[in-house]
Amino acid sequence: MVIKLPAEPSRHRVAVWRELRRIGALSLGQGVWAVPEVPVFADGVQRALDLAESSGGQGVTLQAAGRSERDAARFRELFTAARSADWAEFLADCGKFEEEIAKEIRIGKFTLAELEEEEQSLERLRRWHRDLTARDVFGAPEAAAAGERLAHCVAVCEGYVERVFTALHATDAGDATGVSDATDATGGGRA
């Protein structure tokens with residue numbers, strides 16, 4: 001695909017660039033992007049073309065193949081290297097997720113609000129994994145490790161859910177037996 005956009009305002013170039021990066025397109029040079037000829041990329045390519053045209057630019061898609069098997073292999077290598085970089089970033093974020101939960105456990109932060117935040121982070125990792133899996137059409141070597149790491153993140157989160165449930169259940173039981181004493185201590189209880 002070849003995209004040509006006006007120099008200003010830059011927000012249009014950035015929007016097209018973000019869309020192409022989001023779908024995993026490989027930049028081959030200024031305004032030249034490539035994706036494998038598989039359906040998973042079709043909607044994103046169309047969105048990039050629509051963004052270009054709506055901002056006064058132009059876009060054209062071309063079907064291309066390497067002139068030799070070596071050229072085709074080189075494209076697969078470049079595309080797979082880009083997916084490997086994506087998987088490395090994903091794995092790093094899995095590590096951050098695990099560290100965050102370990103910190104919450106260490107400091108004893110077992111609240112519903114924190115649990116909801118961690119579950120949202122896990123859902124973001126799941127969506128990201130699905131998107132990367134769909135784009136990784138040539139099978140980057142890191143994909144298997146990423147699947148295992150996501151499963152570990154799920155297990156870590158489930159363990160945290162249990163701790164939050166236990167802490168909240170223990171607090172509820174404590175409140176049920178100590179409500180009137182605590183209220184008396186503040187002056188708002190029995191007369």
# chains A, B, ... in the order shown; residues from 1 in each chain; ligands from 1
call {"tool": "closest_atom_pairs", "arguments": {"of": "region 6-72 of chain A", "to": "region 77-82 of chain A", "cutoff": "9 Å", "atoms": "only C-alpha atoms", "output": "tab-separated table"}}
result
residue	atom	partner	partner_atom	distance
A:Gly24	CA	A:Ala82	CA	7.9
A:Ala25	CA	A:Phe79	CA	8.2
A:Leu26	CA	A:Phe79	CA	6.4
A:Ala34	CA	A:Phe79	CA	8.8
A:Val35	CA	A:Phe79	CA	8.0
A:Pro36	CA	A:Phe79	CA	8.5
A:Ala72	CA	A:Glu77	CA	8.7
call {"tool": "select_by_dssp", "arguments": {"residues": "region 10-190 of chain A", "states": "strand (DSSP E)", "output": "count of residues only"}}
result
10
call {"tool": "residues_around", "arguments": {"residues": "region 74-76 of chain A", "least_positions_apart": "5", "cutoff": "12 Å", "atoms": "only C-alpha atoms", "output": "list in words"}}
result
Ala25, Leu26, Ser27, Leu28, Trp33, Ala34, Val35, Pro36, Glu37, Ala64, Ala65, Gly66, Arg67, Ser68, Glu69, Ala81, Ala82, Arg83, Ser84, Asp136, Val137, Phe138, Gly139 and Ala140 of chain A
call {"tool": "write_last_selection", "arguments": {"atoms": "N, CA, C and O atoms", "output": "short mmCIF file (atom, residue, chain, number, x, y, z; two decimals), in the first residue's frame"}}
result
data_model
loop_
_atom_site.label_atom_id
_atom_site.label_comp_id
_atom_site.auth_asym_id
_atom_site.auth_seq_id
_atom_site.Cartn_x
_atom_site.Cartn_y
_atom_site.Cartn_z
N ALA A 25 1.11 -3.47 10.12
CA ALA A 25 1.69 -3.27 8.78
C ALA A 25 3.18 -2.98 8.92
O ALA A 25 3.63 -2.38 9.89
N LEU A 26 3.93 -3.42 7.96
CA LEU A 26 5.37 -3.26 7.94
C LEU A 26 5.72 -2.05 7.07
O LEU A 26 5.32 -2.00 5.90
N SER A 27 6.42 -1.08 7.64
CA SER A 27 6.83 0.10 6.89
C SER A 27 8.04 -0.26 6.03
O SER A 27 9.06 -0.71 6.54
N LEU A 28 7.90 -0.06 4.73
CA LEU A 28 9.00 -0.36 3.80
C LEU A 28 9.74 0.90 3.36
O LEU A 28 10.75 0.81 2.67
N TRP A 33 3.76 0.75 2.83
CA TRP A 33 3.48 -0.22 3.89
C TRP A 33 3.10 -1.55 3.26
O TRP A 33 2.53 -1.58 2.17
N ALA A 34 3.38 -2.63 3.97
CA ALA A 34 3.05 -3.96 3.44
C ALA A 34 2.48 -4.84 4.54
O ALA A 34 2.88 -4.76 5.71
N VAL A 35 1.52 -5.64 4.13
CA VAL A 35 0.96 -6.69 4.99
C VAL A 35 0.81 -7.94 4.12
O VAL A 35 0.67 -7.84 2.90
N PRO A 36 0.84 -9.10 4.74
CA PRO A 36 0.58 -10.32 3.96
C PRO A 36 -0.84 -10.30 3.40
O PRO A 36 -1.74 -9.66 3.96
N GLU A 37 -1.04 -11.00 2.33
CA GLU A 37 -2.35 -11.05 1.67
C GLU A 37 -3.23 -12.08 2.38
O GLU A 37 -3.44 -13.18 1.88
N ALA A 64 1.46 -7.45 -4.34
CA ALA A 64 2.86 -7.59 -4.71
C ALA A 64 3.37 -8.95 -4.24
O ALA A 64 2.91 -9.49 -3.25
N ALA A 65 4.31 -9.44 -4.96
CA ALA A 65 5.00 -10.67 -4.59
C ALA A 65 6.48 -10.45 -4.84
O ALA A 65 6.87 -9.64 -5.69
N GLY A 66 7.28 -11.15 -4.09
CA GLY A 66 8.71 -11.04 -4.32
C GLY A 66 9.06 -11.52 -5.72
O GLY A 66 8.41 -12.40 -6.27
N ARG A 67 10.06 -10.91 -6.28
CA ARG A 67 10.47 -11.32 -7.63
C ARG A 67 11.13 -12.69 -7.59
O ARG A 67 11.23 -13.36 -8.62
N SER A 68 11.54 -13.09 -6.41
CA SER A 68 12.13 -14.42 -6.26
C SER A 68 11.69 -14.97 -4.91
O SER A 68 11.14 -14.25 -4.07
N GLU A 69 11.93 -16.24 -4.71
CA GLU A 69 11.62 -16.85 -3.42
C GLU A 69 12.44 -16.17 -2.31
O GLU A 69 11.97 -16.01 -1.19
N ALA A 81 10.02 -10.59 12.22
CA ALA A 81 10.83 -9.83 13.17
C ALA A 81 9.99 -8.74 13.85
O ALA A 81 10.13 -8.49 15.05
N ALA A 82 9.12 -8.11 13.08
CA ALA A 82 8.23 -7.09 13.66
C ALA A 82 7.28 -7.73 14.67
O ALA A 82 7.00 -7.17 15.73
N ARG A 83 6.77 -8.93 14.37
CA ARG A 83 5.89 -9.62 15.31
C ARG A 83 6.69 -10.06 16.55
O ARG A 83 6.19 -10.02 17.66
N SER A 84 7.93 -10.46 16.35
CA SER A 84 8.77 -10.84 17.49
C SER A 84 8.94 -9.66 18.43
O SER A 84 8.89 -9.82 19.66
N ASP A 136 0.09 -12.50 13.61
CA ASP A 136 1.33 -13.28 13.51
C ASP A 136 1.13 -14.44 12.53
O ASP A 136 1.19 -15.61 12.89
N VAL A 137 0.93 -14.11 11.27
CA VAL A 137 0.56 -15.11 10.27
C VAL A 137 1.70 -16.06 9.89
O VAL A 137 1.45 -17.14 9.37
N PHE A 138 2.94 -15.67 10.16
CA PHE A 138 4.07 -16.54 9.83
C PHE A 138 4.61 -17.28 11.05
O PHE A 138 5.51 -18.09 10.94
N GLY A 139 4.07 -16.99 12.23
CA GLY A 139 4.43 -17.73 13.43
C GLY A 139 5.78 -17.36 14.04
O GLY A 139 6.73 -18.13 13.95
N ALA A 140 5.84 -16.20 14.67
CA ALA A 140 7.06 -15.79 15.36
C ALA A 140 7.36 -16.78 16.49
O ALA A 140 6.44 -17.30 17.14
#
call {"tool": "atom_distance", "arguments": {"atom1": "CA of Ala85 (chain A)", "atom2": "CA of Glu119 (chain A)"}}
result
25.1 Å
call {"tool": "closest_residue", "arguments": {"among": "A:Val60, A:Ala88, A:Ile23, A:Ala15", "to": "Phe41 (chain A)", "atoms": "only C-alpha atoms"}}
result
A:Ile23
call {"tool": "residues_around", "arguments": {"residues": "Val164 (chain A)", "least_positions_apart": "6", "cutoff": "10 Å", "atoms": "only C-alpha atoms", "output": "list in words"}}
result
Ile105, Gly108, Lys109, Phe110, Thr111, Leu112, Glu114, Leu115, Glu158 and Ala170 of chain A
call {"tool": "closest_residue", "arguments": {"among": "A:Leu51, A:Ala134, A:Arg124, A:Ser10", "to": "Pro39 (chain A)", "atoms": "only C-alpha atoms"}}
result
A:Ala134
call {"tool": "residues_around", "arguments": {"residues": "region 150-157 of chain A", "least_positions_apart": "2", "cutoff": "12 Å", "atoms": "only C-alpha atoms", "output": "number ranges by chain"}}
result
A: 87, 90-102, 104-105, 114-130, 143-148, 159-164
